[in-house]
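Undergrad: Structure file protein.pdb, PDB, C-alpha atoms, is pasted below:
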```
ATOM      1  CA  MET C   1      71.398   6.834  46.369
ATOM      2  CA  SER C   2      67.900   8.188  46.860
ATOM      3  CA  GLN C   3      65.574   9.130  49.690
ATOM      4  CA  THR C   4      61.796   8.604  49.696
ATOM      5  CA  ILE C   5      59.789  11.418  51.248
ATOM      6  CA  SER C   6      56.091  12.270  51.373
ATOM      7  CA  VAL C   7      54.766  15.578  49.984
ATOM      8  CA  ARG C   8      51.522  16.590  51.693
ATOM      9  CA  CYS C   9      49.145  18.438  49.350
ATOM     10  CA  LYS C  10      45.674  19.808  50.002
ATOM     11  CA  LEU C  11      42.969  18.767  47.542
ATOM     12  CA  ILE C  12      40.239  20.985  46.118
ATOM     13  CA  VAL C  13      37.261  18.641  46.222
ATOM     14  CA  PRO C  14      33.927  19.683  44.613
ATOM     15  CA  GLN C  15      30.872  19.158  46.800
ATOM     16  CA  GLU C  16      29.450  16.522  44.460
ATOM     17  CA  LEU C  17      32.551  14.307  44.873
ATOM     18  CA  ARG C  18      32.825  14.426  48.666
ATOM     19  CA  GLN C  19      30.209  11.734  49.219
ATOM     20  CA  GLU C  20      31.880   9.433  46.702
ATOM     21  CA  ILE C  21      35.297   9.882  48.353
ATOM     22  CA  ASP C  22      33.763   9.193  51.781
ATOM     23  CA  ARG C  23      32.081   6.083  50.394
ATOM     24  CA  THR C  24      35.419   4.836  49.056
ATOM     25  CA  LEU C  25      37.187   5.571  52.362
ATOM     26  CA  GLN C  26      34.487   3.639  54.222
ATOM     27  CA  GLY C  27      34.768   0.729  51.798
ATOM     28  CA  PHE C  28      38.558   0.632  52.229
ATOM     29  CA  ALA C  29      38.212   0.645  56.038
ATOM     30  CA  ASP C  30      35.584  -2.123  55.852
ATOM     31  CA  ALA C  31      37.940  -4.158  53.651
ATOM     32  CA  CYS C  32      40.809  -3.734  56.131
ATOM     33  CA  ASN C  33      38.595  -4.789  59.037
ATOM     34  CA  GLN C  34      37.261  -7.826  57.148
ATOM     35  CA  ILE C  35      40.804  -8.886  56.230
ATOM     36  CA  LEU C  36      41.952  -8.358  59.826
ATOM     37  CA  ASP C  37      39.097 -10.503  61.189
ATOM     38  CA  THR C  38      39.933 -13.300  58.732
ATOM     39  CA  ALA C  39      43.647 -13.143  59.562
ATOM     40  CA  LYS C  40      42.914 -13.430  63.284
ATOM     41  CA  ARG C  41      40.373 -16.213  62.826
ATOM     42  CA  GLU C  42      42.557 -18.267  60.490
ATOM     43  CA  LYS C  43      45.785 -17.262  62.283
ATOM     44  CA  CYS C  44      47.234 -16.438  58.887
ATOM     45  CA  TRP C  45      49.627 -13.509  58.418
ATOM     46  CA  ASN C  46      51.261 -14.616  55.183
ATOM     47  CA  THR C  47      50.404 -12.124  52.435
ATOM     48  CA  ALA C  48      50.032 -14.670  49.608
ATOM     49  CA  LYS C  49      47.963 -17.155  51.626
ATOM     50  CA  LEU C  50      45.754 -14.437  53.107
ATOM     51  CA  HIS C  51      45.182 -12.990  49.623
ATOM     52  CA  HIS C  52      43.613 -16.260  48.458
ATOM     53  CA  LEU C  53      41.363 -16.329  51.536
ATOM     54  CA  VAL C  54      40.022 -12.773  51.400
ATOM     55  CA  TYR C  55      40.286 -11.370  47.858
ATOM     56  CA  ARG C  56      36.951 -12.524  46.384
ATOM     57  CA  PRO C  57      34.744 -12.133  49.504
ATOM     58  CA  VAL C  58      36.156  -8.674  50.262
ATOM     59  CA  ARG C  59      35.597  -7.434  46.709
ATOM     60  CA  ALA C  60      32.059  -8.799  46.743
ATOM     61  CA  ALA C  61      31.269  -7.228  50.124
ATOM     62  CA  THR C  62      32.777  -3.779  49.531
ATOM     63  CA  GLY C  63      32.642  -3.233  45.765
ATOM     64  CA  LEU C  64      36.235  -2.009  45.787
ATOM     65  CA  LYS C  65      38.538  -2.161  42.780
ATOM     66  CA  ALA C  66      41.063  -5.007  42.653
ATOM     67  CA  ASN C  67      44.034  -2.789  43.520
ATOM     68  CA  HIS C  68      42.187  -1.254  46.466
ATOM     69  CA  VAL C  69      41.725  -4.722  47.959
ATOM     70  CA  CYS C  70      45.412  -5.541  47.412
ATOM     71  CA  GLN C  71      46.426  -2.298  49.135
ATOM     72  CA  ALA C  72      44.051  -3.010  52.036
ATOM     73  CA  LEU C  73      45.719  -6.410  52.457
ATOM     74  CA  ARG C  74      49.183  -4.832  52.480
ATOM     75  CA  ARG C  75      48.096  -2.251  55.053
ATOM     76  CA  VAL C  76      46.722  -4.898  57.424
ATOM     77  CA  ILE C  77      49.883  -7.004  57.195
ATOM     78  CA  SER C  78      52.242  -4.022  57.603
ATOM     79  CA  ASN C  79      50.269  -2.721  60.605
ATOM     80  CA  ALA C  80      50.337  -6.169  62.204
ATOM     81  CA  LYS C  81      54.135  -6.265  61.840
ATOM     82  CA  ALA C  82      54.553  -2.744  63.223
ATOM     83  CA  VAL C  83      52.383  -2.993  66.340
ATOM     84  CA  LYS C  84      51.487  -5.775  68.754
ATOM     85  CA  GLN C  85      47.734  -5.109  68.718
ATOM     86  CA  VAL C  86      45.979  -3.913  65.545
ATOM     87  CA  HIS C  87      42.813  -1.984  66.368
ATOM     88  CA  LYS C  88      39.787  -1.430  64.173
ATOM     89  CA  PHE C  89      40.487   0.586  61.017
ATOM     90  CA  ARG C  90      38.631   3.881  60.558
ATOM     91  CA  PRO C  91      37.564   5.507  57.249
ATOM     92  CA  THR C  92      40.249   8.208  57.280
ATOM     93  CA  SER C  93      42.714   7.196  54.550
ATOM     94  CA  LEU C  94      43.091   5.276  51.295
ATOM     95  CA  THR C  95      46.351   3.815  49.975
ATOM     96  CA  LEU C  96      46.907   4.318  46.239
ATOM     97  CA  ASP C  97      49.339   2.719  43.787
ATOM     98  CA  ALA C  98      50.349   3.247  40.170
ATOM     99  CA  ARG C  99      47.036   1.825  38.886
ATOM    100  CA  THR C 100      44.827   3.950  41.148
ATOM    101  CA  PHE C 101      46.814   7.202  41.235
ATOM    102  CA  LYS C 102      48.214   9.612  38.625
ATOM    103  CA  TYR C 103      49.914  13.012  38.943
ATOM    104  CA  ARG C 104      49.852  15.654  36.179
ATOM    105  CA  GLU C 105      52.486  18.294  36.781
ATOM    106  CA  SER C 106      51.364  20.601  33.958
ATOM    107  CA  GLU C 107      47.877  20.977  35.440
ATOM    108  CA  GLN C 108      48.773  20.378  39.121
ATOM    109  CA  THR C 109      46.053  17.742  39.368
ATOM    110  CA  VAL C 110      45.896  14.161  40.588
ATOM    111  CA  GLY C 111      43.800  11.302  39.292
ATOM    112  CA  VAL C 112      42.349   9.074  42.009
ATOM    113  CA  THR C 113      40.381   5.883  41.400
ATOM    114  CA  LEU C 114      37.230   5.709  43.545
ATOM    115  CA  LEU C 115      34.413   3.157  43.678
ATOM    116  CA  SER C 116      32.721   4.839  40.715
ATOM    117  CA  GLY C 117      35.924   5.232  38.692
ATOM    118  CA  ARG C 118      38.760   7.730  38.260
ATOM    119  CA  VAL C 119      38.258  11.395  39.141
ATOM    120  CA  TRP C 120      40.666  14.324  38.684
ATOM    121  CA  LEU C 121      41.203  16.730  41.571
ATOM    122  CA  LYS C 122      43.139  19.995  41.673
ATOM    123  CA  LEU C 123      45.968  20.515  44.157
ATOM    124  CA  LYS C 124      46.072  23.565  46.439
ATOM    125  CA  ILE C 125      49.825  23.833  47.050
ATOM    126  CA  GLY C 126      52.588  26.402  47.392
ATOM    127  CA  GLY C 127      56.070  26.835  45.970
ATOM    128  CA  TYR C 128      57.639  24.341  48.396
ATOM    129  CA  GLN C 129      55.470  21.438  47.215
ATOM    130  CA  ILE C 130      55.709  22.515  43.558
ATOM    131  CA  ALA C 131      59.520  22.489  43.757
ATOM    132  CA  LEU C 132      59.584  19.010  45.314
ATOM    133  CA  LEU C 133      57.169  17.598  42.719
ATOM    134  CA  ARG C 134      58.918  19.189  39.713
ATOM    135  CA  GLY C 135      60.040  16.520  37.236
ATOM    136  CA  GLN C 136      58.721  13.698  39.415
ATOM    137  CA  ALA C 137      56.653  10.731  38.241
ATOM    138  CA  PRO C 138      55.247   9.396  41.534
ATOM    139  CA  THR C 139      53.572   5.993  41.571
ATOM    140  CA  SER C 140      52.110   5.876  45.073
ATOM    141  CA  ALA C 141      50.192   8.142  47.428
ATOM    142  CA  THR C 142      47.792   8.154  50.368
ATOM    143  CA  LEU C 143      44.491  10.033  50.296
ATOM    144  CA  SER C 144      43.322  11.144  53.748
ATOM    145  CA  LYS C 145      40.483  13.069  55.384
ATOM    146  CA  THR C 146      41.017  15.234  58.457
ATOM    147  CA  LYS C 147      38.660  15.693  61.402
ATOM    148  CA  GLN C 148      37.778  19.108  59.981
ATOM    149  CA  GLY C 149      36.533  17.495  56.758
ATOM    150  CA  ASP C 150      39.440  18.565  54.512
ATOM    151  CA  TYR C 151      41.051  16.181  52.046
ATOM    152  CA  TYR C 152      44.817  15.771  51.580
ATOM    153  CA  ILE C 153      47.026  13.537  49.476
ATOM    154  CA  ASN C 154      50.511  12.478  50.590
ATOM    155  CA  ILE C 155      52.532  11.844  47.428
ATOM    156  CA  ALA C 156      55.625   9.630  47.762
ATOM    157  CA  ILE C 157      58.597  10.891  45.735
ATOM    158  CA  GLU C 158      62.233   9.853  45.313
ATOM    159  CA  LEU C 159      64.953  12.464  45.832
ATOM    160  CA  ASP C 160      68.570  11.897  44.857
ATOM    161  CA  THR C 161      70.892  12.190  47.827
ATOM    162  CA  PRO C 162      74.519  13.321  47.460
ATOM    163  CA  PRO C 163      77.251  10.993  48.758
ATOM    164  CA  THR C 164      78.159  11.760  52.361
ATOM    165  CA  GLY C 165      81.837  10.811  52.283
ATOM    166  CA  LYS C 166      84.025  11.325  55.353
ATOM    167  CA  THR C 167      84.517  14.460  57.407
ATOM    168  CA  PRO C 168      86.813  15.184  60.371
ATOM    169  CA  LYS C 169      84.169  17.506  61.858
ATOM    170  CA  VAL C 170      81.382  16.131  64.035
ATOM    171  CA  ILE C 171      78.495  17.863  65.795
ATOM    172  CA  GLY C 172      77.468  15.764  68.790
ATOM    173  CA  VAL C 173      73.841  15.923  69.940
ATOM    174  CA  ASP C 174      72.891  15.119  73.537
ATOM    175  CA  LEU C 175      69.221  14.349  74.265
ATOM    176  CA  GLY C 176      67.375  14.782  77.542
ATOM    177  CA  ARG C 177      64.358  16.102  79.405
ATOM    178  CA  ARG C 178      65.907  19.231  80.889
ATOM    179  CA  ASP C 179      67.207  20.188  77.440
ATOM    180  CA  ILE C 180      65.454  18.333  74.609
ATOM    181  CA  ALA C 181      68.584  18.597  72.452
ATOM    182  CA  THR C 182      72.018  20.117  73.128
ATOM    183  CA  ALA C 183      74.516  20.288  70.257
ATOM    184  CA  SER C 184      78.273  20.574  70.653
ATOM    185  CA  ASN C 185      78.283  23.691  68.447
ATOM    186  CA  GLY C 186      76.436  25.620  71.165
ATOM    187  CA  ARG C 187      72.843  25.110  69.990
ATOM    188  CA  SER C 188      70.408  24.130  72.722
ATOM    189  CA  TRP C 189      66.646  23.696  73.004
ATOM    190  CA  SER C 190      65.583  24.225  76.605
ATOM    191  CA  GLY C 191      63.032  21.761  77.953
ATOM    192  CA  GLU C 192      61.624  24.179  80.552
ATOM    193  CA  HIS C 193      59.068  25.851  78.304
ATOM    194  CA  ILE C 194      58.374  22.560  76.504
ATOM    195  CA  GLN C 195      57.714  20.818  79.835
ATOM    196  CA  ALA C 196      55.319  23.604  80.866
ATOM    197  CA  VAL C 197      53.345  23.185  77.629
ATOM    198  CA  ARG C 198      53.172  19.398  78.043
ATOM    199  CA  ASP C 199      52.068  19.697  81.682
ATOM    200  CA  ARG C 200      49.310  22.085  80.612
ATOM    201  CA  PHE C 201      48.086  19.577  77.998
ATOM    202  CA  SER C 202      48.028  16.880  80.675
ATOM    203  CA  ARG C 203      46.086  19.033  83.184
ATOM    204  CA  VAL C 204      43.485  20.034  80.605
ATOM    205  CA  ARG C 205      42.990  16.417  79.491
ATOM    206  CA  ALA C 206      42.600  15.213  83.090
ATOM    207  CA  LYS C 207      40.104  17.976  83.888
ATOM    208  CA  VAL C 208      38.001  17.291  80.789
ATOM    209  CA  GLN C 209      38.064  13.502  81.292
ATOM    210  CA  SER C 210      36.848  13.839  84.892
ATOM    211  CA  LYS C 211      33.591  15.565  83.833
ATOM    212  CA  ARG C 212      32.322  12.707  81.611
ATOM    213  CA  THR C 213      29.645  14.794  79.881
ATOM    214  CA  ARG C 214      28.711  14.979  76.215
ATOM    215  CA  SER C 215      30.273  18.406  75.838
ATOM    216  CA  SER C 216      33.478  17.225  77.561
ATOM    217  CA  ARG C 217      33.754  14.308  75.123
ATOM    218  CA  ARG C 218      33.435  16.729  72.203
ATOM    219  CA  LEU C 219      36.125  18.925  73.730
ATOM    220  CA  LEU C 220      38.356  15.884  74.272
ATOM    221  CA  ARG C 221      38.063  15.002  70.583
ATOM    222  CA  ARG C 222      39.123  18.543  69.652
ATOM    223  CA  LEU C 223      42.089  18.323  72.023
ATOM    224  CA  SER C 224      43.088  14.904  70.700
ATOM    225  CA  GLY C 225      46.421  14.957  68.958
ATOM    226  CA  ARG C 226      47.268  18.539  69.923
ATOM    227  CA  GLU C 227      50.285  17.546  72.009
ATOM    228  CA  ARG C 228      51.422  15.106  69.309
ATOM    229  CA  ARG C 229      51.227  17.860  66.675
ATOM    230  CA  TYR C 230      53.203  20.189  68.948
ATOM    231  CA  GLN C 231      55.923  17.538  69.351
ATOM    232  CA  THR C 232      56.048  16.940  65.599
ATOM    233  CA  TRP C 233      56.298  20.674  64.853
ATOM    234  CA  LEU C 234      59.115  21.167  67.376
ATOM    235  CA  ASN C 235      61.036  18.064  66.261
ATOM    236  CA  HIS C 236      60.866  19.297  62.660
ATOM    237  CA  ASN C 237      62.296  22.667  63.687
ATOM    238  CA  ILE C 238      65.108  21.124  65.753
ATOM    239  CA  SER C 239      66.039  18.679  62.985
ATOM    240  CA  LYS C 240      66.087  21.381  60.276
ATOM    241  CA  THR C 241      68.401  23.563  62.377
ATOM    242  CA  LEU C 242      70.799  20.704  63.191
ATOM    243  CA  VAL C 243      71.073  19.607  59.558
ATOM    244  CA  ARG C 244      71.498  23.188  58.315
ATOM    245  CA  ASP C 245      74.293  23.836  60.839
ATOM    246  CA  ALA C 246      76.109  20.613  59.905
ATOM    247  CA  GLN C 247      75.783  21.281  56.181
ATOM    248  CA  ALA C 248      77.142  24.822  56.573
ATOM    249  CA  ILE C 249      80.466  23.631  58.032
ATOM    250  CA  GLY C 250      80.667  20.223  56.333
ATOM    251  CA  ALA C 251      80.245  18.278  59.571
ATOM    252  CA  ALA C 252      78.648  14.947  60.500
ATOM    253  CA  LEU C 253      75.909  14.561  63.138
ATOM    254  CA  ALA C 254      76.317  12.090  66.015
ATOM    255  CA  PHE C 255      73.383  11.336  68.330
ATOM    256  CA  GLU C 256      73.387   9.984  71.856
ATOM    257  CA  ASP C 257      72.248   6.339  71.866
ATOM    258  CA  LEU C 258      69.053   6.092  73.934
ATOM    259  CA  THR C 259      68.324   2.421  73.190
ATOM    260  CA  GLY C 260      66.499   0.871  76.155
ATOM    261  CA  ILE C 261      66.481   4.112  78.179
ATOM    262  CA  ARG C 262      62.767   3.912  79.040
ATOM    263  CA  GLU C 263      63.010   0.330  80.282
ATOM    264  CA  ARG C 264      65.950   1.226  82.504
ATOM    265  CA  LEU C 265      64.281   4.346  83.903
ATOM    266  CA  ASN C 266      60.939   2.611  84.494
ATOM    267  CA  GLN C 267      62.642   0.125  86.797
ATOM    268  CA  LYS C 268      63.368   2.967  89.216
ATOM    269  CA  PRO C 269      60.720   4.143  91.739
ATOM    270  CA  ARG C 270      59.150   7.356  90.383
ATOM    271  CA  SER C 271      55.888   9.262  90.663
ATOM    272  CA  LYS C 272      53.222   9.051  87.968
ATOM    273  CA  THR C 273      54.035  12.614  86.872
ATOM    274  CA  GLU C 274      57.742  11.881  86.525
ATOM    275  CA  ARG C 275      57.006   8.703  84.566
ATOM    276  CA  ARG C 276      54.757  10.618  82.164
ATOM    277  CA  ARG C 277      57.288  13.418  81.708
ATOM    278  CA  THR C 278      60.083  10.971  80.903
ATOM    279  CA  ASN C 279      58.186   8.575  78.659
ATOM    280  CA  ASN C 280      56.144  10.720  76.301
ATOM    281  CA  TRP C 281      58.693  12.791  74.343
ATOM    282  CA  ALA C 282      59.271  11.511  70.802
ATOM    283  CA  PHE C 283      63.093  11.268  70.716
ATOM    284  CA  TYR C 284      62.906   8.486  68.113
ATOM    285  CA  GLN C 285      60.807  10.757  65.882
ATOM    286  CA  LEU C 286      63.421  13.505  66.228
ATOM    287  CA  ARG C 287      66.168  11.101  65.172
ATOM    288  CA  MET C 288      64.143   9.929  62.157
ATOM    289  CA  PHE C 289      63.478  13.528  61.081
ATOM    290  CA  VAL C 290      67.199  14.297  61.282
ATOM    291  CA  ALA C 291      68.048  11.092  59.396
ATOM    292  CA  TYR C 292      65.964  11.794  56.295
ATOM    293  CA  LYS C 293      66.778  15.521  56.188
ATOM    294  CA  ALA C 294      70.493  14.742  56.567
ATOM    295  CA  ALA C 295      70.343  12.184  53.742
ATOM    296  CA  ILE C 296      68.857  14.772  51.377
ATOM    297  CA  ALA C 297      71.435  17.387  52.415
ATOM    298  CA  GLY C 298      74.400  14.982  52.144
ATOM    299  CA  VAL C 299      75.212  15.168  55.856
ATOM    300  CA  PRO C 300      76.590  11.957  57.431
TER     301      PRO C 300
END
```
Now that the file is in, can you turn its structure into structure tokens?
TA:
Amino acid sequence: MSQTISVRCKLIVPQELRQEIDRTLQGFADACNQILDTAKREKCWNTAKLHHLVYRPVRAATGLKANHVCQALRRVISNAKAVKQVHKFRPTSLTLDARTFKYRESEQTVGVTLLSGRVWLKLKIGGYQIALLRGQAPTSATLSKTKQGDYYINIAIELDTPPTGKTPKVIGVDLGRRDIATASNGRSWSGEHIQAVRDRFSRVRAKVQSKRTRSSRRLLRRLSGRERRYQTWLNHNISKTLVRDAQAIGAALAFEDLTGIRERLNQKPRSKTERRRTNNWAFYQLRMFVAYKAAIAGVP
């Protein structure tokens, strides 16, 4: 058994290569948007059929390599399956495969194929990433650019997972708004402080949005994603603690089943504030974080 995880590594990009990377990211986004427009117009979401429709015109229009076009096609199809409405793609990331990506452990560098050809970039990583990448031969990655202008590469690796087996011990985890997570071993993460932070994010967003000035729009862009990053950080911390506790005593983890909880709650009369507070915590993300960490640690 194995578990696929993504190792996020910062790239050291020379100034002379930044424009070429940006040009490739823009070309990849243009390819995705052209493929999406064709799929909608032809009402075709079959990968093989859509490939024959878009491959040549997209390559001619964007100048991308063959594998870049194939990856753009896969991204459009996978996004269409994941969400009901696919919006316009932005030049923020580039999907790479075995033909467009190479990792050299001895030099801690990665080879990335751009519009002009392959370039080698150094990784700026610490001991955690080095340990995860040791002995690996990854064949896929995603190059991305942040709002601050930094470049990162998420390298997909396979980790062997120990067999879970059976255990008589179980740590039950109850989920809720008052306490984000309460474990049967006594661990608890109070929702009071978390709720205060989320309410503050909401008030600031509402205040900035009401001004509708150029400076307020810039501020809104800086605030964008801050609450999501806070949720992700906290869910990672909760999941690490739960898995570590279960591994220490050889116990399994059992989560409360929240399937359909939002639909049931939204049928009840509630204020706008209460609806927002109930609906915007990422419980599914927390469960997914626990799932992959538990698989690596051998915790059922």
Undergrad: Name the closest residue to Arg229 (chain C) among the candidates C:Ile125, C:Ala282, C:Ala156, C:Ala61; distances are taken between atoms, counting only C-alpha atoms.
TA: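 Closest candidate: C:Ala282.
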Undergrad: Counting all atoms listed in the file, which residue out of C:Ile171, C:Ile238, C:Leu121, C:Val7 sits closest to Met288 (chain C)?
TA: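 Once distances to Met288 (chain C) are computed over all atoms listed in the file, the minimum belongs to C:Ile238.
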Undergrad: Taking the file as I've supplied it (selection: the PyMOL selection byres ((chain C and resi 68-75) around 7)), which residues are included? Please answer as a count of residues only.
TA: 15
Undergrad: List the neighbours of Ala251 (chain C) out to 8 Å using only C-alpha atoms; skip same-chain residues closer than 4 positions along the sequence, and give me the result as a ChimeraX atom specification.
TA: /C:167-171,246-247,299-300
Undergrad: So the first atom is CA of Ala291 (chain C) and the second is CA of Ser6 (chain C); what is the distance between them in Å, to one decimal place?
TA: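 CA of Ser6 (chain C) lies 14.4 Å from CA of Ala291 (chain C).
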Undergrad: Evaluate the PyMOL selection byres ((chain C and resi 133) around 12) against this structure - the residues, as a PyMOL selection string, please.
TA: chain C and resi 5-9+103-106+108-110+123+125-132+134-138+154-159
